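Engineer: For reference, this is start.cif, and it has mmCIF, C-alpha atoms.
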data_entry
#
loop_
_atom_site.label_atom_id
_atom_site.label_comp_id
_atom_site.auth_asym_id
_atom_site.auth_seq_id
_atom_site.Cartn_x
_atom_site.Cartn_y
_atom_site.Cartn_z
CA MET A 1 29.88 -42.15 -32.14
CA ALA A 2 26.25 -42.74 -31.19
CA LYS A 3 27.28 -45.67 -29.01
CA LYS A 4 29.81 -43.49 -27.18
CA LYS A 5 27.20 -40.83 -26.50
CA PHE A 6 24.76 -43.44 -25.26
CA SER A 7 27.37 -44.89 -22.92
CA LYS A 8 28.17 -41.45 -21.51
CA ALA A 9 24.47 -40.72 -20.98
CA TRP A 10 24.02 -44.07 -19.23
CA VAL A 11 26.97 -43.40 -16.94
CA GLN A 12 25.64 -39.96 -16.04
CA ARG A 13 22.17 -41.37 -15.31
CA HIS A 14 23.69 -44.15 -13.23
CA ILE A 15 25.78 -41.72 -11.18
CA HIS A 16 22.77 -39.54 -10.37
CA ASP A 17 20.32 -42.41 -9.85
CA PRO A 18 18.88 -42.05 -6.32
CA TYR A 19 18.62 -45.83 -5.91
CA VAL A 20 22.27 -46.25 -6.85
CA LYS A 21 23.20 -43.68 -4.22
CA MET A 22 21.01 -45.35 -1.58
CA ALA A 23 22.50 -48.74 -2.43
CA GLN A 24 25.98 -47.36 -1.94
CA GLN A 25 25.00 -45.76 1.37
CA LYS A 26 23.47 -48.97 2.69
CA GLY A 27 26.21 -51.22 1.38
CA TYR A 28 24.01 -53.08 -1.10
CA ARG A 29 25.78 -54.52 -4.12
CA ALA A 30 23.14 -53.35 -6.62
CA ARG A 31 20.15 -51.04 -6.82
CA ALA A 32 18.06 -54.18 -7.47
CA ALA A 33 17.94 -54.60 -3.70
CA PHE A 34 15.18 -52.01 -3.54
CA LYS A 35 13.09 -53.87 -6.10
CA LEU A 36 12.98 -56.93 -3.88
CA THR A 37 12.37 -54.81 -0.78
CA GLU A 38 9.23 -53.27 -2.28
CA ILE A 39 7.89 -56.61 -3.50
CA LEU A 40 8.44 -58.25 -0.10
CA ASP A 41 6.72 -55.34 1.65
CA THR A 42 3.78 -55.21 -0.76
CA GLU A 43 3.21 -58.96 -0.72
CA LYS A 44 4.03 -59.33 2.99
CA LEU A 45 6.47 -62.13 2.24
CA LEU A 46 9.43 -63.43 4.25
CA ARG A 47 9.37 -64.05 7.97
CA ARG A 48 12.01 -65.15 10.42
CA GLY A 49 12.49 -68.88 10.28
CA ASP A 50 11.87 -69.05 6.52
CA VAL A 51 14.03 -71.04 4.12
CA VAL A 52 14.87 -69.00 1.01
CA VAL A 53 16.62 -69.97 -2.23
CA ASP A 54 18.08 -67.18 -4.38
CA LEU A 55 18.54 -68.33 -7.99
CA GLY A 56 21.03 -66.40 -10.09
CA SER A 57 22.15 -64.61 -6.95
CA ALA A 58 25.31 -62.76 -8.09
CA PRO A 59 26.30 -60.08 -7.25
CA GLY A 60 24.29 -60.74 -4.09
CA SER A 61 22.02 -57.76 -3.37
CA TRP A 62 18.88 -59.89 -3.09
CA SER A 63 20.65 -62.27 -0.71
CA GLN A 64 21.68 -59.25 1.35
CA ILE A 65 18.05 -58.15 1.70
CA VAL A 66 16.87 -61.63 2.68
CA ARG A 67 19.66 -61.93 5.24
CA GLU A 68 18.71 -58.58 6.80
CA ARG A 69 15.10 -59.65 7.20
CA LEU A 70 15.97 -62.96 8.80
CA LEU A 71 18.29 -61.43 11.39
CA ALA A 72 17.17 -62.04 14.96
CA PRO A 73 18.33 -60.07 18.02
CA GLY A 74 21.99 -60.73 18.56
CA GLY A 75 22.74 -60.79 14.84
CA VAL A 76 21.93 -64.47 14.34
CA ILE A 77 20.03 -65.50 11.19
CA ASP A 78 16.70 -67.11 12.05
CA GLY A 79 16.15 -69.19 8.92
CA ARG A 80 18.24 -70.25 5.93
CA VAL A 81 19.43 -68.43 2.83
CA LEU A 82 20.85 -70.55 0.02
CA ALA A 83 22.15 -68.77 -3.06
CA LEU A 84 23.09 -70.31 -6.41
CA ASP A 85 24.76 -68.85 -9.47
CA LEU A 86 26.96 -69.86 -12.38
CA LEU A 87 29.17 -66.88 -11.56
CA PRO A 88 31.23 -66.45 -8.40
CA MET A 89 29.74 -64.28 -5.66
CA GLU A 90 31.52 -62.44 -2.89
CA PRO A 91 30.48 -63.98 0.44
CA VAL A 92 27.47 -62.57 2.30
CA ALA A 93 27.58 -63.34 6.01
CA GLY A 94 25.21 -66.20 6.83
CA VAL A 95 24.32 -66.91 3.21
CA GLU A 96 25.21 -70.38 1.91
CA PHE A 97 26.47 -70.03 -1.64
CA ILE A 98 26.72 -72.79 -4.23
CA GLN A 99 28.43 -71.99 -7.52
CA GLY A 100 27.10 -73.95 -10.46
CA ASP A 101 24.09 -74.68 -12.65
CA PHE A 102 21.05 -75.65 -10.56
CA ARG A 103 19.82 -77.78 -13.48
CA GLU A 104 22.72 -80.16 -12.94
CA ASP A 105 22.23 -83.16 -10.68
CA ALA A 106 25.49 -82.56 -8.79
CA ILE A 107 24.49 -78.99 -7.88
CA LEU A 108 20.96 -80.04 -6.89
CA ALA A 109 22.47 -82.76 -4.71
CA GLN A 110 24.50 -80.11 -2.87
CA LEU A 111 21.38 -78.04 -2.37
CA HIS A 112 19.33 -80.99 -1.09
CA GLU A 113 22.10 -81.92 1.31
CA ARG A 114 22.12 -78.42 2.79
CA LEU A 115 18.32 -78.25 2.97
CA GLU A 116 18.37 -81.36 5.15
CA GLY A 117 14.91 -82.39 4.02
CA ARG A 118 13.27 -79.01 4.59
CA ALA A 119 10.96 -77.58 1.96
CA VAL A 120 11.47 -73.98 0.81
CA ASP A 121 9.27 -71.03 1.83
CA LEU A 122 10.40 -68.61 -0.86
CA VAL A 123 12.27 -68.87 -4.17
CA ILE A 124 13.54 -65.61 -5.65
CA SER A 125 15.05 -65.13 -9.10
CA ASP A 126 16.45 -61.96 -10.61
CA MET A 127 17.87 -63.99 -13.49
CA ALA A 128 17.75 -62.55 -16.99
CA PRO A 129 19.08 -64.02 -20.25
CA ASN A 130 21.54 -62.30 -22.54
CA LEU A 131 19.33 -60.53 -25.06
CA SER A 132 20.13 -60.40 -28.76
CA GLY A 133 17.72 -57.68 -29.85
CA VAL A 134 15.81 -60.18 -31.99
CA ALA A 135 12.31 -60.17 -30.49
CA SER A 136 11.37 -63.77 -31.25
CA ALA A 137 14.65 -65.18 -29.96
CA ASP A 138 14.64 -62.98 -26.86
CA SER A 139 11.07 -63.86 -25.91
CA ALA A 140 11.97 -67.55 -26.07
CA ARG A 141 15.03 -66.98 -23.87
CA ILE A 142 13.03 -65.01 -21.32
CA ALA A 143 10.32 -67.68 -21.21
CA HIS A 144 12.97 -70.36 -20.74
CA VAL A 145 14.55 -68.60 -17.76
CA CYS A 146 11.14 -68.11 -16.12
CA GLU A 147 10.28 -71.73 -16.81
CA LEU A 148 13.51 -72.90 -15.13
CA ALA A 149 12.71 -70.90 -11.99
CA LEU A 150 9.12 -72.14 -11.99
CA GLU A 151 10.17 -75.76 -12.41
CA PHE A 152 12.64 -75.42 -9.56
CA ALA A 153 10.03 -73.79 -7.33
CA CYS A 154 7.39 -76.44 -8.02
CA GLY A 155 9.88 -79.09 -6.99
CA HIS A 156 11.05 -77.43 -3.77
CA LEU A 157 8.41 -75.07 -2.37
CA LYS A 158 6.09 -75.72 0.53
CA PRO A 159 2.43 -75.89 -0.55
CA ASP A 160 1.91 -72.31 0.69
CA GLY A 161 5.30 -71.10 -0.59
CA ALA A 162 5.97 -68.29 -3.03
CA LEU A 163 8.08 -67.57 -6.10
CA ILE A 164 9.33 -64.17 -7.32
CA VAL A 165 10.83 -63.98 -10.82
CA LYS A 166 11.85 -61.26 -13.22
CA ALA A 167 10.12 -61.26 -16.59
CA PHE A 168 9.80 -58.73 -19.41
CA HIS A 169 6.74 -57.33 -21.13
CA GLY A 170 6.57 -58.12 -24.80
CA SER A 171 6.06 -61.13 -27.01
CA GLY A 172 5.47 -64.23 -24.92
CA PHE A 173 4.78 -62.40 -21.65
CA SER A 174 1.10 -63.38 -21.48
CA GLN A 175 2.07 -67.02 -22.00
CA ILE A 176 4.49 -66.82 -19.07
CA VAL A 177 1.71 -65.38 -16.89
CA GLN A 178 -0.64 -68.19 -17.93
CA MET A 179 2.06 -70.73 -17.16
CA PHE A 180 2.31 -69.31 -13.63
CA LYS A 181 -1.47 -69.33 -13.21
CA ARG A 182 -1.59 -73.02 -13.99
CA HIS A 183 0.65 -73.71 -11.01
CA PHE A 184 -0.12 -71.00 -8.43
CA VAL A 185 -3.33 -70.05 -6.67
CA ARG A 186 -2.44 -66.34 -6.84
CA VAL A 187 -0.31 -64.62 -9.47
CA VAL A 188 0.36 -60.87 -9.52
CA GLU A 189 2.55 -58.55 -11.57
CA ARG A 190 4.73 -56.01 -9.77
CA LYS A 191 6.65 -53.06 -11.21
CA PRO A 192 8.69 -51.68 -8.29
CA LYS A 193 9.54 -47.97 -8.16
CA ALA A 194 13.22 -48.85 -8.39
CA SER A 195 12.58 -50.41 -11.79
CA ARG A 196 13.34 -47.76 -14.39
CA ASP A 197 10.34 -46.43 -16.31
CA GLU A 198 11.84 -47.24 -19.69
CA SER A 199 12.55 -50.84 -18.67
CA SER A 200 10.07 -53.53 -19.70
CA GLU A 201 10.96 -55.66 -16.70
CA THR A 202 8.04 -56.81 -14.57
CA PHE A 203 8.23 -59.14 -11.62
CA LEU A 204 5.80 -62.02 -11.28
CA VAL A 205 4.83 -63.29 -7.84
CA GLY A 206 3.23 -66.71 -7.56
CA ARG A 207 1.78 -67.83 -4.21
CA GLY A 208 0.34 -71.16 -3.12
CA LEU A 209 0.91 -74.21 -5.31
CA LYS A 210 -2.22 -75.60 -6.92
CA ASN A 211 -0.66 -79.03 -7.11
CA PRO A 212 1.86 -79.22 -4.27
CA SER A 213 3.33 -82.55 -5.36
CA ARG A 214 7.11 -82.22 -5.33
CA GLY A 215 8.95 -82.37 -8.64
CA GLN A 216 5.94 -82.01 -10.93
CA ALA A 217 6.70 -81.86 -14.65
CA LEU A 218 6.36 -78.67 -16.68
CA THR A 219 6.88 -80.07 -20.16
CA ASP A 220 3.48 -78.99 -21.45
CA ASP A 221 3.93 -75.50 -20.04
CA ALA A 222 7.34 -75.18 -21.63
CA ASP A 223 5.86 -76.09 -25.02
CA ALA A 224 3.03 -73.60 -24.54
CA ALA A 225 5.35 -70.77 -23.53
CA SER A 226 7.63 -71.28 -26.52
CA ALA A 227 4.82 -71.78 -29.04
#
What's the structure tokens form of this structure?
Structural biologist:
Amino acid sequence: MAKKKFSKAWVQRHIHDPYVKMAQQKGYRARAAFKLTEILDTEKLLRRGDVVVDLGSAPGSWSQIVRERLLAPGGVIDGRVLALDLLPMEPVAGVEFIQGDFREDAILAQLHERLEGRAVDLVISDMAPNLSGVASADSARIAHVCELALEFACGHLKPDGALIVKAFHGSGFSQIVQMFKRHFVRVVERKPKASRDESSETFLVGRGLKNPSRGQALTDDADAASA
């Protein structure tokens, strides 16, 4: 009974959520689009001509925002948007989608082929693990997802590139922040207005690689984050 009431309350809140309504009006696939919009505006990230990789892109609202910002007069995209996800994603005009696990060599090979030797200006990740409700297990899962995005970024970003990832406050969060600080010159936490007050989600933005060597290992950081 309690679960049914909770579900009804969630549906009612969702229906009346102003960001849900705005997303529907603008044709965005999720209210999360406004989270990325605020972060990009605050951090002054993303310019025409940039190469962007969207990790865990489905349903595609973040790719939609990136596409909009890269549009030049005439409706042509000035830059590249490459999106990857394990799940299928409805096409977004001008966005190059690869379905699969970016940790797999075959998927990375597809990405490298499409990049044509170009380094990436911005990596964005709205990925989140399935949470169990067990704090210790969930913190490890969250750290692992952030570590995967960080490892990918360190191997593909330009020296002055940037990474945006979703994390969650709680056990292990400070270790994730420290992991980012070991690899980026500037690390900031952002809680966009579109992020619900009761949610513990916080977005980390890393800018400027301290060690811009491509493909650097993160084994020590992974151990530290899971310790």
Engineer: Identify all residues satisfying the PyMOL selection byres ((chain A and resi 187) around 8) in the given file; provide them as a list in words.
Structural biologist: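 Taken over the shown coordinates, the PyMOL selection byres ((chain A and resi 187) around 8) returns Val177, Phe180, Lys181, Phe184, Val185, Arg186, Val188, Glu189, Leu204, Val205, Gly206 and Arg207 of chain A.
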Engineer: What's the 12 Å shell around Arg118 (chain A), counting all atoms listed in the file, without same-chain residues fewer than 4 positions away, as a PDB file with C-alpha atoms, in the coordinates of the input?
Structural biologist:
ATOM      1  CA  GLY A  49      12.490 -68.880  10.280  1.00  0.00           C
ATOM      2  CA  ASP A  50      11.870 -69.050   6.520  1.00  0.00           C
ATOM      3  CA  VAL A  51      14.030 -71.040   4.120  1.00  0.00           C
ATOM      4  CA  VAL A  52      14.870 -69.000   1.010  1.00  0.00           C
ATOM      5  CA  VAL A  53      16.620 -69.970  -2.230  1.00  0.00           C
ATOM      6  CA  GLY A  79      16.150 -69.190   8.920  1.00  0.00           C
ATOM      7  CA  ARG A  80      18.240 -70.250   5.930  1.00  0.00           C
ATOM      8  CA  LEU A 111      21.380 -78.040  -2.370  1.00  0.00           C
ATOM      9  CA  HIS A 112      19.330 -80.990  -1.090  1.00  0.00           C
ATOM     10  CA  GLU A 113      22.100 -81.920   1.310  1.00  0.00           C
ATOM     11  CA  ARG A 114      22.120 -78.420   2.790  1.00  0.00           C
ATOM     12  CA  HIS A 156      11.050 -77.430  -3.770  1.00  0.00           C
ATOM     13  CA  LEU A 157       8.410 -75.070  -2.370  1.00  0.00           C
ATOM     14  CA  LYS A 158       6.090 -75.720   0.530  1.00  0.00           C
TER      15      LYS A 158
END
Engineer: When distances are computed from only C-alpha atoms, which of A:Ser174, A:Gly94, A:Trp62, A:Asp105 shows the smallest separation from Glu38 (chain A)?
Structural biologist: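 Of A:Ser174, A:Gly94, A:Trp62, A:Asp105, the one nearest Glu38 (chain A) is A:Trp62, counting only C-alpha atoms.
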Engineer: Selection in question (the file shown): the PyMOL selection byres ((chain A and resi 69) around 8). Which residues does it include, as a ChimeraX atom specification?
Structural biologist: /A:46-48,65-68,70-71
Engineer: One decimal, in Å: what's the spacing between CA of Leu163 (chain A) and CA of Ala143 (chain A)?
Structural biologist: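 One can read the CA of Leu163 (chain A) to CA of Ala143 (chain A) distance as 15.3 Å.
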Engineer: Tell me which residues the PyMOL selection byres ((chain A and resi 144) around 10) grabs here, as a ChimeraX atom specification.
Structural biologist: /A:128-129,138-143,145-150,176,222,225-226
Engineer: In terms of the shortest atom-to-atom distance over only C-alpha atoms, which of A:Ala153, A:Val76, A:Ala167, A:Ala194 is closest to Ala93 (chain A)?
Structural biologist: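 The closest residue to Ala93 (chain A) is A:Val76.
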Engineer: Which is closer to Gly100 (chain A) than all the others in A:Leu87, A:Leu122, A:Ile164, A:Ala32, using all atoms listed in the file?
Structural biologist: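 Distance minimum relative to Gly100 (chain A) lands on A:Leu87.
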Engineer: With distances taken over only C-alpha atoms, which of A:Phe203, A:Ser136, A:Gly27, A:Asp197 is nearest to Ser171 (chain A)?
Structural biologist: A:Ser136
Engineer: Hey, can you check how far CA of Ala72 (chain A) sits from CA of Val92 (chain A)?
Structural biologist: 16.3 Å
Engineer: Record the distance separating CA of Arg103 (chain A) and CA of Glu151 (chain A), expressed in Å with one decimal.
Structural biologist: 9.9 Å
